[in-house]
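S.K.: This one is work13.cif, mmCIF, C-alpha atoms.
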data_entry
loop_
_atom_site.label_atom_id
_atom_site.label_comp_id
_atom_site.auth_asym_id
_atom_site.auth_seq_id
_atom_site.Cartn_x
_atom_site.Cartn_y
_atom_site.Cartn_z
CA MET A 29 52.58 114.89 69.04
CA ASN A 30 53.74 113.13 72.07
CA SER A 31 54.22 109.48 72.58
CA GLU A 32 53.19 107.65 75.67
CA SER A 33 56.44 108.46 77.38
CA GLY A 34 56.02 112.16 76.64
CA GLN A 35 58.61 112.40 73.84
CA ARG A 36 58.10 114.08 70.55
CA LEU A 37 58.22 111.77 67.56
CA PRO A 38 59.20 112.81 64.08
CA MET A 39 56.48 113.07 61.48
CA GLU A 40 57.72 110.08 59.49
CA GLU A 41 57.44 107.91 62.54
CA LEU A 42 53.92 109.06 63.19
CA LYS A 43 52.92 108.38 59.58
CA ARG A 44 54.45 104.97 59.74
CA ARG A 45 52.54 104.15 62.93
CA ASN A 46 49.23 105.44 61.63
CA ALA A 47 49.52 104.00 58.16
CA PRO A 48 46.86 101.40 57.34
CA GLN A 49 48.02 97.89 57.84
CA THR A 50 48.75 96.21 54.59
CA MET A 51 46.74 93.11 54.12
CA ILE A 52 48.71 90.01 53.59
CA PRO A 53 47.09 88.27 50.69
CA GLN A 54 45.63 84.94 51.75
CA ASN A 55 45.14 82.04 49.46
CA CYS A 56 41.38 81.67 49.36
CA PRO A 57 40.05 78.52 47.75
CA GLY A 58 38.46 78.79 44.38
CA LYS A 59 35.06 77.45 43.37
CA GLU A 60 36.40 73.99 42.44
CA GLU A 61 38.36 73.78 45.67
CA TRP A 62 35.21 74.75 47.64
CA GLN A 63 33.28 71.98 45.86
CA GLU A 64 36.01 69.46 46.72
CA LEU A 65 36.05 70.57 50.36
CA LEU A 66 32.25 70.32 50.57
CA HIS A 67 32.38 66.86 49.00
CA ARG A 68 34.95 65.72 51.58
CA LEU A 69 32.85 67.23 54.37
CA ASP A 70 29.80 65.27 53.13
CA GLU A 71 31.86 62.05 53.10
CA LEU A 72 33.05 62.70 56.65
CA GLU A 73 29.47 63.34 57.74
CA ARG A 74 28.31 60.03 56.19
CA HIS A 75 31.13 58.11 57.85
CA THR A 76 30.41 59.75 61.18
CA ALA A 77 26.71 58.91 60.89
CA ALA A 78 27.53 55.28 60.04
CA HIS A 79 29.90 54.98 63.00
CA THR A 80 27.34 56.59 65.30
CA ALA A 81 24.69 54.10 64.15
CA LEU A 82 27.07 51.18 64.72
CA LEU A 83 27.94 52.42 68.20
CA ARG A 84 24.27 52.80 69.11
CA GLU A 85 23.53 49.30 67.83
CA ALA A 86 26.48 47.81 69.71
CA SER A 87 25.53 49.55 72.94
CA SER A 88 21.93 48.31 72.65
CA ARG A 89 23.11 44.73 72.08
CA ARG A 90 25.62 44.73 74.89
CA GLU A 91 23.30 42.72 77.14
CA LEU A 92 23.15 39.95 74.54
CA TYR A 93 26.86 39.17 74.73
CA PRO A 94 28.01 36.63 77.33
CA THR A 95 29.81 37.77 80.43
CA GLN A 96 33.30 36.64 81.38
CA GLU A 97 31.92 34.03 83.80
CA GLN A 98 29.55 32.64 81.17
CA THR A 99 32.39 32.44 78.65
CA GLU A 100 34.59 30.56 81.13
CA ALA A 101 31.74 28.14 81.99
CA LEU A 102 31.18 27.48 78.29
CA ALA A 103 34.90 26.85 77.78
CA ARG A 104 34.89 24.31 80.65
CA ASP A 105 31.82 22.56 79.21
CA VAL A 106 33.42 22.37 75.77
CA ALA A 107 36.60 20.88 77.29
CA GLU A 108 34.55 18.22 79.11
CA ILE A 109 32.63 17.34 75.95
CA GLN A 110 35.87 17.07 73.96
CA ALA A 111 37.35 14.74 76.60
CA LEU A 112 34.23 12.57 76.50
CA LEU A 113 34.37 12.45 72.71
CA ARG A 114 38.03 11.44 72.76
CA GLN A 115 37.30 8.72 75.29
CA ALA A 116 34.25 7.49 73.34
CA GLY A 117 36.26 7.39 70.13
CA LYS A 118 38.76 4.90 71.52
CA LYS A 119 38.02 1.23 70.83
CA LYS A 120 37.28 -0.81 73.89
CA GLU A 121 39.56 -3.73 74.52
CA ILE A 122 37.95 -7.12 74.15
CA SER A 123 38.77 -9.37 77.06
CA ILE A 124 37.84 -13.02 77.03
CA SER A 125 38.01 -14.81 80.33
CA PRO A 126 36.94 -18.35 81.20
CA PRO A 127 33.55 -18.60 82.88
CA SER A 128 33.50 -18.59 86.62
CA LEU A 129 32.73 -21.70 88.63
CA GLY A 130 29.25 -20.40 89.44
CA THR A 131 28.51 -19.91 85.74
CA ALA A 132 29.81 -23.38 84.88
CA MET A 133 27.73 -24.97 87.65
CA SER A 134 24.57 -23.18 86.54
CA VAL A 135 25.12 -24.38 82.96
CA ILE A 136 25.62 -27.97 84.17
CA VAL A 137 22.47 -27.75 86.31
CA TRP A 138 20.43 -26.50 83.36
CA LEU A 139 21.77 -29.25 81.11
CA ALA A 140 20.91 -31.87 83.75
CA LEU A 141 17.38 -30.47 84.07
CA ILE A 142 16.90 -30.53 80.31
CA LEU A 143 18.17 -34.15 80.14
CA LEU A 144 15.90 -35.19 83.01
CA GLY A 145 12.94 -33.46 81.40
CA THR A 146 13.64 -35.19 78.12
CA MET A 147 13.83 -38.61 79.84
CA VAL A 148 10.52 -38.00 81.64
CA ALA A 149 8.92 -36.97 78.37
CA MET A 150 10.19 -40.14 76.69
CA VAL A 151 8.76 -42.30 79.48
CA VAL A 152 5.40 -40.57 79.19
CA LEU A 153 5.38 -40.99 75.40
CA GLN A 154 6.38 -44.68 75.75
CA THR A 155 3.52 -45.22 78.20
CA ILE A 156 1.03 -43.54 75.88
CA TRP A 157 2.35 -45.54 72.93
CA SER A 158 2.07 -48.82 74.85
CA GLY A 159 -1.46 -47.97 75.96
CA LEU A 160 -2.48 -47.17 72.40
CA ALA A 161 -0.92 -50.45 71.19
CA ALA A 162 -2.87 -52.46 73.81
CA LEU A 163 -6.06 -50.66 72.88
CA TRP A 164 -5.46 -51.43 69.22
CA SER A 165 -4.95 -55.06 69.87
CA VAL A 166 -8.24 -55.22 71.85
CA ILE A 167 -10.07 -53.46 69.05
CA LYS A 168 -8.61 -55.92 66.54
CA LEU A 169 -9.95 -58.83 68.58
CA LEU A 170 -13.43 -57.35 68.75
CA ILE A 171 -13.69 -56.65 65.07
CA PRO A 172 -13.52 -59.86 63.09
#
If you convert what's in this file into structure tokens, what do you get?
M.R.:
Amino acid sequence: MNSESGQRLPMEELKRRNAPQTMIPQNCPGKEEWQELLHRLDELERHTAAHTALLREASSRRELYPTQEQTEALARDVAEIQALLRQAGKKKEISISPPSLGTAMSVIVWLALILLGTMVAMVVLQTIWSGLAALWSVIKLLIP
């Protein structure tokens, strides 16, 4: 027999080349190992399905989440509200100042008007009382 290069090979070499390849024994899993592998595969499938469902749900709700501009606007509004609350929480200072001249004059004018009104009312009541006294004295003269 000739080799590819045209040389004759000894018989032992030819037998060695044509001998069936010896199979390297592989470690095949046993029945229990197959069951364990199938169990792990089922767990992976469940986890993958759960993650897929979560991703679908998150992608469908994406429109519901605020945008960056909306988030910044909300942050500004919250800061303004907090500043207003801090300012509203502070006690206002009580300042007492004497009344102005205009206020004092208006009070004096009102007091003078009340005094004048009271004096006029007293004159009217005195006149009525005197008239009633004169009428009574006339009635006493007429009735013996």
S.K.: Quote the spacing between CA of Leu169 (chain A) and CA of Thr155 (chain A) in Å to one decimal place.
M.R.: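 CA of Thr155 (chain A) lies at a distance of 21.4 Å from CA of Leu169 (chain A).
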S.K.: Could you give me the axis-aligned bounding box of region 53-60 of chain A, with 4 Å of padding per side, as centre plus edge lengths in Å to one decimal, as AutoDock Vina command-line options?
M.R.:
--center_x 41.1 --center_y 81.1 --center_z 47.1 --size_x 20.0 --size_y 22.3 --size_z 17.3
S.K.: Any idea what the distance is between CA of Pro57 (chain A) and CA of Arg74 (chain A)?
M.R.: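 These atoms are spaced 23.5 Å apart.
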